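One file, run_21.txt, carrying compact mmCIF, C-alpha atoms:
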# COMPACT_ATOMS: atom_id res chain seq x y z
CA MET A 1 20.28 101.69 132.85
CA ALA A 2 22.96 99.40 134.24
CA GLY A 3 22.28 95.70 134.73
CA GLY A 4 19.93 93.37 132.89
CA ARG A 5 16.40 92.38 133.73
CA VAL A 6 14.11 89.64 132.50
CA SER A 7 11.69 90.96 129.90
CA THR A 8 8.09 90.41 130.94
CA GLU A 9 6.35 92.66 128.40
CA PRO A 10 3.93 90.92 126.05
CA THR A 11 5.02 90.88 122.44
CA ASP A 12 3.76 93.81 120.36
CA GLY A 13 4.55 92.33 116.97
CA ARG A 14 7.83 94.19 116.57
CA ARG A 15 11.07 92.30 115.99
CA ARG A 16 13.33 92.39 119.05
CA TYR A 17 16.93 93.52 118.49
CA ALA A 18 20.00 93.65 120.73
CA LEU A 19 23.39 95.16 119.95
CA ILE A 20 26.83 94.13 121.15
CA GLY A 21 29.72 96.56 120.75
CA ALA A 22 29.00 100.13 121.90
CA GLY A 23 31.64 102.02 119.96
CA ALA A 24 31.03 104.81 117.47
CA ARG A 25 29.71 102.58 114.68
CA ALA A 26 26.95 101.31 116.97
CA GLU A 27 25.14 104.65 116.83
CA MET A 28 23.95 104.14 113.25
CA PHE A 29 22.31 100.81 114.10
CA LEU A 30 20.90 101.98 117.42
CA ARG A 31 19.20 104.96 115.79
CA ALA A 32 17.88 102.78 112.95
CA VAL A 33 16.31 100.26 115.34
CA ALA A 34 15.16 102.50 118.18
CA ILE A 35 14.13 105.61 116.24
CA GLU A 36 13.98 105.40 112.45
CA HIS A 37 12.21 102.02 112.29
CA ALA A 38 10.63 101.86 115.74
CA ASP A 39 7.31 100.92 114.12
CA ARG A 40 8.68 97.48 113.27
CA ALA A 41 11.79 97.09 115.44
CA ARG A 42 12.40 97.25 119.15
CA LEU A 43 15.76 97.67 120.86
CA VAL A 44 15.80 95.45 123.96
CA GLY A 45 19.44 95.09 124.99
CA LEU A 46 22.91 96.62 124.78
CA VAL A 47 26.13 94.70 125.53
CA ASP A 48 29.72 95.90 125.83
CA VAL A 49 32.87 95.48 127.87
CA ASN A 50 32.58 99.14 128.89
CA GLN A 51 29.60 100.27 130.98
CA THR A 52 30.40 103.95 130.43
CA ARG A 53 30.00 103.64 126.68
CA MET A 54 26.67 101.86 127.05
CA ASP A 55 25.47 104.60 129.39
CA VAL A 56 26.49 107.21 126.80
CA HIS A 57 24.45 105.51 124.09
CA ASN A 58 21.47 105.30 126.41
CA ARG A 59 21.75 109.04 127.08
CA TRP A 60 21.86 109.72 123.35
CA LEU A 61 18.82 107.51 122.79
CA THR A 62 16.73 109.19 125.45
CA ALA A 63 17.80 112.64 124.21
CA ALA A 64 16.43 111.61 120.80
CA GLY A 65 13.13 110.52 122.30
CA ALA A 66 13.73 106.77 122.50
CA PRO A 67 13.63 104.74 125.71
CA ALA A 68 16.83 103.58 127.40
CA VAL A 69 17.47 99.85 127.20
CA PRO A 70 18.89 97.28 129.63
CA THR A 71 22.69 96.97 129.54
CA TYR A 72 24.78 93.85 130.07
CA PRO A 73 28.50 93.15 130.37
CA ALA A 74 30.05 91.16 127.52
CA THR A 75 30.21 88.13 129.80
CA GLY A 76 26.41 88.28 130.05
CA PHE A 77 25.77 88.13 126.29
CA THR A 78 24.01 84.77 126.13
CA ARG A 79 22.07 85.54 129.32
CA MET A 80 20.84 88.75 127.71
CA LEU A 81 19.68 86.88 124.60
CA ALA A 82 17.49 84.63 126.74
CA GLU A 83 16.23 87.23 129.21
CA GLN A 84 15.30 89.75 126.52
CA ARG A 85 13.89 87.16 124.07
CA VAL A 86 16.04 88.54 121.26
CA ASP A 87 15.13 87.85 117.63
CA GLU A 88 18.15 89.43 115.96
CA VAL A 89 21.58 90.57 117.13
CA VAL A 90 23.65 93.42 115.70
CA VAL A 91 27.41 92.84 116.12
CA THR A 92 29.62 95.96 116.08
CA THR A 93 32.48 94.82 118.29
CA VAL A 94 36.22 94.77 117.55
CA ASP A 95 36.58 92.70 114.37
CA ARG A 96 38.51 89.81 115.93
CA THR A 97 35.56 89.08 118.26
CA HIS A 98 32.85 88.99 115.59
CA ALA A 99 32.90 85.23 115.08
CA ASP A 100 32.44 84.45 118.79
CA TYR A 101 29.33 86.60 119.10
CA VAL A 102 27.88 85.69 115.72
CA VAL A 103 28.13 81.97 116.46
CA ALA A 104 26.76 82.36 119.99
CA ALA A 105 23.77 84.33 118.68
CA LEU A 106 23.06 81.80 115.92
CA ASP A 107 23.23 78.92 118.40
CA ALA A 108 20.79 80.80 120.65
CA GLY A 109 18.27 80.86 117.78
CA CYS A 110 18.83 84.47 116.68
CA ASP A 111 19.50 85.95 113.28
CA VAL A 112 22.53 88.25 113.03
CA ILE A 113 23.52 91.52 111.37
CA THR A 114 27.27 91.96 111.60
CA GLU A 115 29.52 94.82 110.67
CA LYS A 116 32.12 94.00 108.05
CA PRO A 117 34.41 92.18 107.99
CA MET A 118 32.39 89.14 109.00
CA THR A 119 35.47 87.98 110.92
CA VAL A 120 39.27 88.27 110.54
CA ASP A 121 40.53 84.74 109.95
CA VAL A 122 39.74 81.43 108.27
CA ASP A 123 38.80 79.68 111.50
CA GLY A 124 36.20 82.32 112.36
CA CYS A 125 34.81 82.17 108.84
CA ARG A 126 34.51 78.39 108.99
CA ARG A 127 32.81 78.55 112.39
CA ILE A 128 30.23 81.08 111.20
CA LEU A 129 29.38 79.15 108.03
CA ALA A 130 29.05 75.93 110.02
CA ALA A 131 26.74 77.64 112.52
CA VAL A 132 24.56 79.01 109.71
CA ASP A 133 24.24 75.51 108.31
CA ARG A 134 23.69 73.94 111.74
CA THR A 135 21.03 76.37 112.93
CA GLY A 136 19.32 77.48 109.73
CA ARG A 137 19.53 81.07 110.96
CA ARG A 138 20.53 84.08 108.84
CA VAL A 139 23.67 86.23 108.85
CA SER A 140 23.60 89.59 107.05
CA VAL A 141 26.88 91.46 106.56
CA ALA A 142 26.68 95.27 106.60
CA PHE A 143 28.33 96.02 103.24
CA ASN A 144 26.85 99.49 102.97
CA TYR A 145 28.79 100.33 99.77
CA ARG A 146 26.31 98.14 97.87
CA PHE A 147 23.63 100.66 98.83
CA LYS A 148 25.38 103.74 97.45
CA PRO A 149 23.39 104.91 94.39
CA VAL A 150 26.46 105.26 92.16
CA HIS A 151 27.43 101.64 92.88
CA GLU A 152 23.92 100.46 92.10
CA THR A 153 24.15 102.30 88.78
CA VAL A 154 27.44 100.55 87.96
CA ARG A 155 25.80 97.19 88.65
CA GLN A 156 22.87 98.02 86.40
CA VAL A 157 25.12 99.10 83.52
CA LEU A 158 27.28 96.00 83.78
CA ALA A 159 24.25 93.71 84.09
CA SER A 160 22.72 95.27 80.96
CA GLY A 161 25.54 93.84 78.87
CA GLU A 162 26.40 97.21 77.35
CA ILE A 163 30.15 96.59 77.61
CA GLY A 164 29.78 92.85 76.97
CA GLU A 165 31.57 90.06 78.78
CA ILE A 166 33.91 91.44 81.44
CA GLY A 167 37.56 90.66 80.88
CA SER A 168 39.33 92.73 83.52
CA VAL A 169 38.90 95.31 86.28
CA HIS A 170 41.24 97.96 87.59
CA PHE A 171 40.26 99.44 90.96
CA GLU A 172 42.25 102.12 92.79
CA TRP A 173 41.14 103.40 96.20
CA LEU A 174 42.67 106.39 97.97
CA LEU A 175 42.24 107.19 101.64
CA ASP A 176 43.42 110.70 102.40
CA VAL A 177 45.78 111.61 105.22
CA ARG A 178 42.82 112.56 107.41
CA HIS A 179 40.71 109.42 107.00
CA GLY A 180 43.56 107.00 106.38
CA ALA A 181 45.42 108.15 109.46
CA ASP A 182 42.53 107.14 111.69
CA TYR A 183 43.19 103.43 111.15
CA PHE A 184 46.64 103.93 112.65
CA ARG A 185 45.60 105.59 115.91
CA ARG A 186 43.01 103.03 117.07
CA TRP A 187 42.67 99.26 117.52
CA HIS A 188 42.77 98.65 113.75
CA ARG A 189 46.54 99.31 113.77
CA ASP A 190 47.03 95.80 115.23
CA LYS A 191 46.47 93.21 112.49
CA ALA A 192 45.36 90.65 115.10
CA ASN A 193 42.36 92.90 115.81
CA SER A 194 41.38 93.93 112.28
CA GLY A 195 43.03 91.62 109.78
CA GLY A 196 44.71 94.67 108.27
CA LEU A 197 43.25 97.06 105.73
CA LEU A 198 42.90 94.33 103.07
CA VAL A 199 40.36 92.67 105.37
CA HIS A 200 38.83 95.58 107.27
CA LYS A 201 38.64 98.31 104.62
CA SER A 202 39.20 96.57 101.30
CA GLY A 203 36.56 93.98 102.17
CA HIS A 204 34.07 96.65 101.07
CA HIS A 205 35.78 96.92 97.70
CA PHE A 206 36.28 93.20 97.15
CA ASP A 207 32.62 92.65 97.92
CA LEU A 208 31.62 95.31 95.39
CA VAL A 209 33.62 93.59 92.64
CA ASN A 210 32.15 90.19 93.55
CA TRP A 211 28.68 91.76 93.39
CA TRP A 212 29.31 93.60 90.13
CA LEU A 213 30.83 90.56 88.41
CA GLY A 214 28.47 88.02 89.90
CA GLY A 215 31.64 86.04 90.54
CA ALA A 216 33.89 84.63 93.23
CA PRO A 217 37.64 85.02 93.78
CA ARG A 218 39.79 82.05 92.90
CA GLU A 219 43.37 83.25 93.40
CA ALA A 220 45.19 86.32 94.74
CA TYR A 221 48.73 87.64 94.57
CA ALA A 222 49.69 90.71 96.60
CA MET A 223 52.49 92.99 97.68
CA GLY A 224 52.32 95.57 100.44
CA ARG A 225 54.21 97.40 103.12
CA LEU A 226 53.99 99.95 105.89
CA PHE A 227 55.42 102.96 104.08
CA PHE A 228 54.02 106.13 105.63
CA TYR A 229 52.72 105.52 109.17
CA GLY A 230 54.24 103.79 112.18
CA GLU A 231 57.83 104.02 113.30
CA ALA A 232 59.05 103.54 109.74
CA GLY A 233 57.17 106.65 108.66
CA ALA A 234 59.25 108.88 110.92
CA ARG A 235 61.76 109.23 108.10
CA HIS A 236 59.29 111.38 106.16
CA GLY A 237 59.57 114.16 108.73
CA TYR A 238 56.02 114.23 110.13
CA ALA A 239 56.49 112.31 113.37
CA ARG A 240 56.18 114.01 116.76
CA ASP A 241 57.48 112.46 119.96
CA TYR A 242 54.39 111.60 122.03
CA PRO A 243 52.52 108.34 122.68
CA ARG A 244 48.95 109.66 122.54
CA VAL A 245 47.35 113.03 121.85
CA HIS A 246 45.43 113.81 125.04
CA GLY A 247 47.67 115.58 127.51
CA SER A 248 50.61 115.80 125.10
CA PRO A 249 51.82 119.36 124.31
CA ALA A 250 53.76 118.03 121.32
CA ALA A 251 50.44 117.07 119.70
CA ALA A 252 48.94 120.55 119.89
CA ASP A 253 49.58 121.50 116.26
CA ASP A 254 50.13 118.04 114.79
CA PRO A 255 47.88 117.65 111.70
CA PHE A 256 47.75 113.89 112.36
CA ALA A 257 46.45 114.31 115.93
CA LEU A 258 42.88 113.51 116.96
CA HIS A 259 41.85 115.78 119.83
CA LEU A 260 39.10 113.82 121.57
CA ALA A 261 38.41 116.60 124.05
CA ASP A 262 37.41 118.94 121.21
CA ASN A 263 34.62 116.65 119.97
CA PRO A 264 31.83 116.31 122.56
CA ARG A 265 30.57 112.96 121.26
CA LEU A 266 34.01 111.41 121.01
CA ARG A 267 34.91 112.77 124.43
CA GLU A 268 31.87 111.08 125.97
CA LEU A 269 32.30 107.83 124.09
CA TYR A 270 36.05 107.37 124.47
CA LEU A 271 37.94 109.85 126.61
CA ASP A 272 35.44 109.75 129.49
CA ALA A 273 35.21 105.97 129.17
CA GLU A 274 38.94 105.22 129.45
CA SER A 275 38.75 104.54 133.17
CA SER A 276 36.47 101.56 132.50
CA ASP A 277 38.74 99.56 130.19
CA GLY A 278 41.87 101.63 129.43
CA TYR A 279 41.21 101.87 125.69
CA GLN A 280 42.92 104.91 124.13
CA ARG A 281 41.37 106.17 120.87
CA ASP A 282 43.97 108.86 120.06
CA LEU A 283 47.34 107.16 119.66
CA ASN A 284 50.13 108.79 117.70
CA VAL A 285 49.95 107.38 114.16
CA PHE A 286 53.75 107.22 114.08
CA ALA A 287 54.07 105.51 117.47
CA PRO A 288 55.25 101.89 117.83
CA GLY A 289 52.77 99.03 117.60
CA VAL A 290 51.52 99.33 114.00
CA SER A 291 51.41 95.90 112.35
CA ILE A 292 49.19 96.68 109.35
CA GLU A 293 50.21 97.93 105.91
CA ASP A 294 49.30 101.29 104.39
CA ASP A 295 50.18 100.65 100.71
CA MET A 296 48.95 97.46 99.02
CA ALA A 297 48.70 96.10 95.48
CA VAL A 298 46.61 93.00 94.71
CA LEU A 299 45.99 90.88 91.61
CA VAL A 300 42.88 88.68 91.74
CA ARG A 301 41.56 86.02 89.36
CA TYR A 302 37.81 85.22 89.45
CA ASP A 303 35.79 82.15 88.54
CA THR A 304 34.28 84.13 85.65
CA GLY A 305 37.71 84.32 84.03
CA ALA A 306 38.06 88.04 84.76
CA THR A 307 41.05 89.49 86.59
CA MET A 308 41.36 92.54 88.84
CA THR A 309 44.29 94.79 89.64
CA TYR A 310 43.62 96.64 92.91
CA HIS A 311 45.57 99.24 94.85
CA LEU A 312 44.84 100.80 98.23
CA THR A 313 46.79 103.85 99.44
CA ALA A 314 46.07 105.08 102.97
CA TYR A 315 48.09 108.32 102.87
CA ALA A 316 46.80 110.18 99.80
CA PRO A 317 46.31 113.97 99.44
CA TRP A 318 42.72 113.44 98.24
CA GLU A 319 40.06 110.81 98.87
CA GLY A 320 38.13 108.76 96.36
CA TYR A 321 38.47 105.96 93.85
CA ARG A 322 38.75 105.06 90.20
CA LEU A 323 37.20 101.97 88.62
CA MET A 324 37.83 100.76 85.07
CA VAL A 325 36.03 97.71 83.70
CA ASN A 326 37.10 96.31 80.32
CA GLY A 327 34.58 94.27 78.35
CA SER A 328 34.12 92.59 74.99
CA ARG A 329 32.00 95.51 73.74
CA GLY A 330 33.65 98.46 75.46
CA ARG A 331 34.79 99.92 78.74
CA LEU A 332 33.20 101.46 81.84
CA GLU A 333 35.03 104.18 83.75
CA LEU A 334 34.00 105.50 87.16
CA GLU A 335 35.71 108.31 89.04
CA VAL A 336 34.54 109.36 92.49
CA VAL A 337 36.25 112.24 94.28
CA GLU A 338 34.93 112.39 97.83
CA ASN A 339 37.12 115.38 98.60
CA ASP A 340 39.75 116.88 96.33
CA HIS A 341 42.17 117.79 99.13
CA VAL A 342 42.50 117.92 102.89
CA SER A 343 42.19 121.49 104.03
CA ALA A 344 44.62 122.83 106.59
CA ALA A 345 41.72 123.76 108.87
CA GLY A 346 40.21 120.28 108.68
CA ALA A 347 43.36 118.20 108.84
CA GLY A 348 42.88 117.31 112.49
CA GLU A 349 39.17 116.55 112.24
CA LEU A 350 37.94 113.00 112.38
CA THR A 351 36.57 111.48 109.21
CA GLY A 352 36.95 107.86 110.25
CA ALA A 353 34.35 105.47 111.61
CA ALA A 354 32.70 107.92 113.99
CA VAL A 355 32.04 110.81 111.65
CA HIS A 356 33.08 109.87 108.13
CA GLY A 357 30.22 110.53 105.76
CA GLU A 358 28.00 112.10 108.40
CA ALA A 359 28.95 115.71 107.74
CA GLU A 360 29.55 117.69 104.59
CA ALA A 361 33.26 118.06 103.86
CA ALA A 362 34.55 121.57 103.27
CA GLU A 363 36.52 120.31 100.29
CA GLN A 364 35.02 119.66 96.85
CA GLY A 365 33.88 116.29 95.52
CA TRP A 366 32.19 114.88 92.44
CA ALA A 367 31.51 111.67 90.54
CA SER A 368 31.40 110.70 86.87
CA LEU A 369 30.49 107.47 85.10
CA THR A 370 31.37 106.95 81.44
CA VAL A 371 30.70 104.08 79.05
CA ARG A 372 33.09 103.88 76.10
CA PRO A 373 31.67 101.49 73.49
CA PHE A 374 33.65 100.23 70.50
CA TRP A 375 33.28 102.36 67.35
CA ALA A 376 31.09 105.00 68.99
CA PRO A 377 31.51 108.17 71.07
CA PRO A 378 31.66 107.81 74.87
CA ARG A 379 28.39 108.06 76.79
CA GLU A 380 28.12 109.86 80.11
CA VAL A 381 25.80 107.91 82.41
CA PRO A 382 23.51 110.10 84.53
CA LEU A 383 24.08 109.57 88.24
CA PRO A 384 21.59 110.09 91.07
CA PRO A 385 22.15 113.32 92.99
CA ALA A 386 24.42 113.11 96.01
CA THR A 387 22.59 112.55 99.27
CA ARG A 388 23.37 113.53 102.84
CA GLY A 389 23.82 111.05 105.64
CA GLY A 390 26.28 108.34 106.56
CA HIS A 391 28.45 107.18 103.63
CA GLY A 392 26.53 109.29 101.17
CA GLY A 393 23.11 108.10 102.32
CA ALA A 394 24.02 104.41 101.95
CA ASP A 395 23.79 103.70 105.69
CA GLU A 396 20.14 104.67 105.96
CA ARG A 397 19.24 102.78 102.79
CA MET A 398 21.05 99.69 104.05
CA THR A 399 19.47 99.65 107.50
CA ALA A 400 16.02 100.11 105.95
CA VAL A 401 16.54 96.90 103.95
CA LEU A 402 18.20 94.97 106.78
CA LEU A 403 15.37 95.85 109.15
CA GLY A 404 12.70 94.89 106.62
CA ALA A 405 11.34 98.37 105.95
CA GLN A 406 12.21 98.26 102.24
CA THR A 407 12.42 95.56 99.58
CA ASP A 408 15.70 94.65 97.92
CA PRO A 409 15.19 94.23 94.15
CA LEU A 410 18.89 94.68 93.40
CA ALA A 411 19.88 91.86 95.80
CA ARG A 412 22.04 94.24 97.79
CA SER A 413 21.78 92.35 101.08
CA ALA A 414 25.00 90.46 101.72
CA THR A 415 24.79 86.93 103.12
CA ALA A 416 27.33 84.92 105.11
CA ARG A 417 28.56 83.54 101.78
CA ASP A 418 29.13 87.08 100.49
CA GLY A 419 30.92 87.96 103.69
CA ALA A 420 33.14 84.90 103.30
CA LEU A 421 34.04 85.70 99.68
CA ALA A 422 35.09 89.28 100.50
CA LEU A 423 37.02 88.10 103.56
CA LEU A 424 38.79 85.30 101.72
CA THR A 425 39.99 87.70 99.04
CA GLY A 426 41.70 89.79 101.74
CA LEU A 427 43.01 86.77 103.61
CA ALA A 428 44.46 85.27 100.44
CA ALA A 429 46.13 88.60 99.68
CA ASN A 430 47.52 88.77 103.23
CA ARG A 431 48.91 85.25 102.90
CA SER A 432 50.44 86.15 99.56
CA MET A 433 52.21 89.14 101.12
CA GLU A 434 53.64 86.79 103.74
CA THR A 435 54.78 84.07 101.33
CA GLY A 436 55.56 86.05 98.18
CA ALA A 437 53.51 83.56 96.13
CA PRO A 438 50.01 83.45 94.65
CA VAL A 439 47.41 81.93 96.98
CA ARG A 440 44.40 79.89 95.91
CA VAL A 441 41.31 80.86 97.88
CA ALA A 442 40.23 77.21 98.11
CA ASP A 443 43.51 76.37 99.84
CA LEU A 444 42.41 78.64 102.69
CA LEU A 445 38.78 77.52 102.75
CA ASP A 446 36.93 75.60 100.05
CA LEU A 447 33.39 76.94 100.22
CA ASN A 448 32.20 74.07 98.05
CA SER A 449 32.98 71.79 101.00
CA VAL A 450 30.74 73.78 103.32
CA ARG A 451 27.26 72.32 103.21
CA GLY A 452 24.66 74.81 102.02
CA VAL A 453 27.24 77.46 101.02
CA HIS A 454 28.31 77.00 97.41
CA VAL A 455 30.20 79.16 94.92
As structure tokens - that is how I would like this structure written.
Amino acid sequence: MAGGRVSTEPTDGRRRYALIGAGARAEMFLRAVAIEHADRARLVGLVDVNQTRMDVHNRWLTAAGAPAVPTYPATGFTRMLAEQRVDEVVVTTVDRTHADYVVAALDAGCDVITEKPMTVDVDGCRRILAAVDRTGRRVSVAFNYRFKPVHETVRQVLASGEIGEIGSVHFEWLLDVRHGADYFRRWHRDKANSGGLLVHKSGHHFDLVNWWLGGAPREAYAMGRLFFYGEAGARHGYARDYPRVHGSPAAADDPFALHLADNPRLRELYLDAESSDGYQRDLNVFAPGVSIEDDMAVLVRYDTGATMTYHLTAYAPWEGYRLMVNGSRGRLELEVVENDHVSAAGAGELTGAAVHGEAEAAEQGWASLTVRPFWAPPREVPLPPATRGGHGGADERMTAVLLGAQTDPLARSATARDGALALLTGLAANRSMETGAPVRVADLLDLNSVRGVHV
């Protein structure tokens, strides 16, 4: 349904939602609004720079039994808000554009749900917080990791005081060579678009630690480099000489290649849409143009007095993470193996934003949570059974809360303040990598100076 129209339907009591940014991540929100929670939510508008992608989403909606919605070009965003009488906007655009659309929606009187990161720089963060204060409207940041049952269990154990006052945290996150590679073949590879992995990906992890500690970052020191991907990674012997996968014979048996034509949904959403805006989703991960790091170490000090050592590796043979929390009464240890290896048959499959977590991996995974008290045997903490669905079922649980279908007793919903704290951790770490010196978060943006947003 190309082109907007003025909504003349009488209100039916449902909250009116519009979405801007019709890439792969949009599908989760569109289904949540238009199908899973259609009793309380109504999808009334779709905005993107690419008409083809919007048409694809409308086809998917109608195939699932939902009505198609009016579509608008990105230049018609504010017009759409007025014509469709929008109550709340979902922002799933390229990260560097988040602040523009969040602020415009707030100023138009709408609440906002935005994908993480909330934005990619200090100026965008300041603009969003000022708009929240100016308008009194709400911004919710889609930190779905808060909604994963194992992470909720960690919060409950820490909040119980079983390991006492928290002194330090060690957090190691591994992205395997299937998932990690995907950040280096799409727009995320340009730090101007994504802020780098310490903003785009690690923002999830920094937010989790803020949430678990009930604290805020005060200072960060970081080191990082591009070790495996990009032109520098050619020395490891994996690079093939082609610019993008589609139409390149050299990519035929490359385990790092994403073959869009082999995935019907990705073909519709990206390959068939290239003529509209020229965006190529399947770049060679070793091709020029990568300005983000793939191996990063960060040291963070919090206002609680605790410290964290954090490491992100984007080229690991297995995917998962290890968390160790040291307290005055003991220690908590979490190990999550999402898949224990990347199979040869699945090496070229996509497990990034479009599919990651939506399908069962062929490889094995497990999770364990252990509390080790002083002067007593370790205790294995029972974990909820693994669930199907996006990001281990967290996506559906998150959208249910964000759309008002479920209550939130664990305070999992992330506010603009939460989004700022996670973002500022990554931005301070990025600045530290540039300068070689520790960076105080308040020297980037002092949240105590922002009216109504205090730490």
Atom-to-atom span, atom CA of A:Tyr270 and atom CA of A:Asp55, Å: 12.0 Å
Shell of 10 Å around A:Arg42, all atoms listed in the file, local chain residues under 6 positions omitted, as a list of chain:residue names: A:Asp12, A:Gly13, A:Arg14, A:Arg15, A:Arg16, A:Tyr17, A:Ala18, A:Leu30, A:Ala32, A:Val33, A:Ala34, A:Ile35, A:Val69, A:Val86, A:Asp87
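Compared by their closest atoms to A:Asp395, and using only C-alpha atoms, the residues A:Gly136, A:Pro149, A:Pro67, A:Pro255 rank with A:Pro149 nearest.
Rounded to one decimal, atom CA of A:Ala216 and atom CA of A:Leu421 lie 6.5 Å from each other.
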Please enclose the listed atoms of stretch 397-400 of chain A in an axis-aligned box, pad each side by 6 Å, and write out the centre and the three edge lengths in Å, rounded to one decimal, as JSON.
{"center_x": 18.5, "center_y": 101.2, "center_z": 105.1, "size_x": 17.0, "size_y": 15.1, "size_z": 16.7}
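Closest to A:Pro217 among A:Ala261, A:Ile292, A:Met398, A:Val300 is A:Val300, based on all atoms listed in the file.
Here the question is which of A:Gly305, A:Pro288, A:Pro373, A:Pro385 gets nearest to A:Glu219 using all atoms listed in the file, and that residue is A:Gly305.
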Go ahead and compute the interatomic distance for atom CA of A:Ala376 and atom CA of A:His170, in Å to one decimal. 22.3 Å
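Between A:Arg189 and the residues A:Glu293, A:Glu335, A:Asp48, A:Asp176, the shortest atom-to-atom distance, using all atoms listed in the file, involves A:Glu293.
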Select, from A:Asp100, A:Asp95, A:Glu268, A:Asp182, the residue with the minimum atom-to-atom distance to A:Thr75, counting all atoms listed in the file. A:Asp100
Counting only C-alpha atoms, which residues of stretch 141-214 of chain A fall within 12 Å of stretch 244-249 of chain A, and what is the closest atom pair for each with its distance in Å at one decimal, ordered by chain and rising number, as a Markdown table?
| residue | atom | partner | partner_atom | distance |
| --- | --- | --- | --- | --- |
| A:Phe184 | CA | A:Arg244 | CA | 11.7 |
| A:Arg185 | CA | A:Arg244 | CA | 8.5 |
| A:Arg186 | CA | A:Arg244 | CA | 10.4 |
Could you list, with a cut-off of 9 Å and counting only C-alpha atoms, the residues of stretch 95-197 of chain A near stretch 325-331 of chain A, each shown with its nearest atom pair and the distance in Å rounded to one decimal, rows sorted by chain and ascending number, as JSON lines?
{"residue": "A:Leu158", "atom": "CA", "partner": "A:Val325", "partner_atom": "CA", "distance": 8.9}
{"residue": "A:Gly161", "atom": "CA", "partner": "A:Arg329", "partner_atom": "CA", "distance": 8.4}
{"residue": "A:Glu162", "atom": "CA", "partner": "A:Arg329", "partner_atom": "CA", "distance": 6.9}
{"residue": "A:Ile163", "atom": "CA", "partner": "A:Arg329", "partner_atom": "CA", "distance": 4.4}
{"residue": "A:Gly164", "atom": "CA", "partner": "A:Arg329", "partner_atom": "CA", "distance": 4.7}
{"residue": "A:Glu165", "atom": "CA", "partner": "A:Gly327", "partner_atom": "CA", "distance": 5.2}
{"residue": "A:Ile166", "atom": "CA", "partner": "A:Gly327", "partner_atom": "CA", "distance": 4.2}
{"residue": "A:Gly167", "atom": "CA", "partner": "A:Gly327", "partner_atom": "CA", "distance": 5.3}
{"residue": "A:Ser168", "atom": "CA", "partner": "A:Asn326", "partner_atom": "CA", "distance": 5.3}
{"residue": "A:Val169", "atom": "CA", "partner": "A:Val325", "partner_atom": "CA", "distance": 4.5}
{"residue": "A:His170", "atom": "CA", "partner": "A:Val325", "partner_atom": "CA", "distance": 6.5}
{"residue": "A:Phe171", "atom": "CA", "partner": "A:Val325", "partner_atom": "CA", "distance": 8.6}
Which polymer residues have any atom within 8 Å of an atom of A:Gly426, counting only C-alpha atoms, with same-chain residues fewer than 3 positions away left out, as a PyMOL selection string? chain A and resi 198-199+202-203+206+422-423+429-430
Selected residues written out, C-alpha atoms, as a PDB file, in the coordinates of the input:
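Dumped to again_23.pdb:
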ATOM      1  CA  LEU A 198      42.900  94.330 103.070  1.00  0.00           C
ATOM      2  CA  VAL A 199      40.360  92.670 105.370  1.00  0.00           C
ATOM      3  CA  SER A 202      39.200  96.570 101.300  1.00  0.00           C
ATOM      4  CA  GLY A 203      36.560  93.980 102.170  1.00  0.00           C
ATOM      5  CA  PHE A 206      36.280  93.200  97.150  1.00  0.00           C
ATOM      6  CA  ALA A 422      35.090  89.280 100.500  1.00  0.00           C
ATOM      7  CA  LEU A 423      37.020  88.100 103.560  1.00  0.00           C
ATOM      8  CA  ALA A 429      46.130  88.600  99.680  1.00  0.00           C
ATOM      9  CA  ASN A 430      47.520  88.770 103.230  1.00  0.00           C
TER      10      ASN A 430
END
Within 9 Å of file point (38.7, 115.4, 120.8), counting all atoms listed in the file, expressed as JSON, numbers by chain: {"A": [246, 258, 259, 260, 261, 262, 263, 264, 265, 266, 267, 271, 282, 349, 350]}
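Among the candidates A:Asp303, A:Arg322, A:Ala192, A:Ala314, the residue lying nearest to A:Asn210 is A:Asp303 (atoms considered: only C-alpha atoms).
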Show me, as a PyMOL selection string, the residues that have an atom within 9 Å of A:Gly215 when counting only C-alpha atoms, minus same-chain residues fewer than 4 positions from it. chain A and resi 209-211+302-304+306+455
Could those residues be written to a file, using C-alpha atoms, as a compact mmCIF listing (two decimals), in the coordinates of the input?
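Generated file (result_0.txt):
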# COMPACT_ATOMS: atom_id res chain seq x y z
CA VAL A 209 33.62 93.59 92.64
CA ASN A 210 32.15 90.19 93.55
CA TRP A 211 28.68 91.76 93.39
CA TYR A 302 37.81 85.22 89.45
CA ASP A 303 35.79 82.15 88.54
CA THR A 304 34.28 84.13 85.65
CA ALA A 306 38.06 88.04 84.76
CA VAL A 455 30.20 79.16 94.92
Polymer residues at most 12 Å from A:Pro384, all atoms listed in the file, same-chain spacing of 4 or more positions, as an NGL selection string: :A and (148-154 or 366-369 or 392-393)
Close residues, A:Phe286 itself excluded, 12 Å, only C-alpha atoms, min 3 positions apart in chain, as a PyMOL selection string: chain A and resi 181-186+189+226-245+251+254+256-257+282-283+289-291
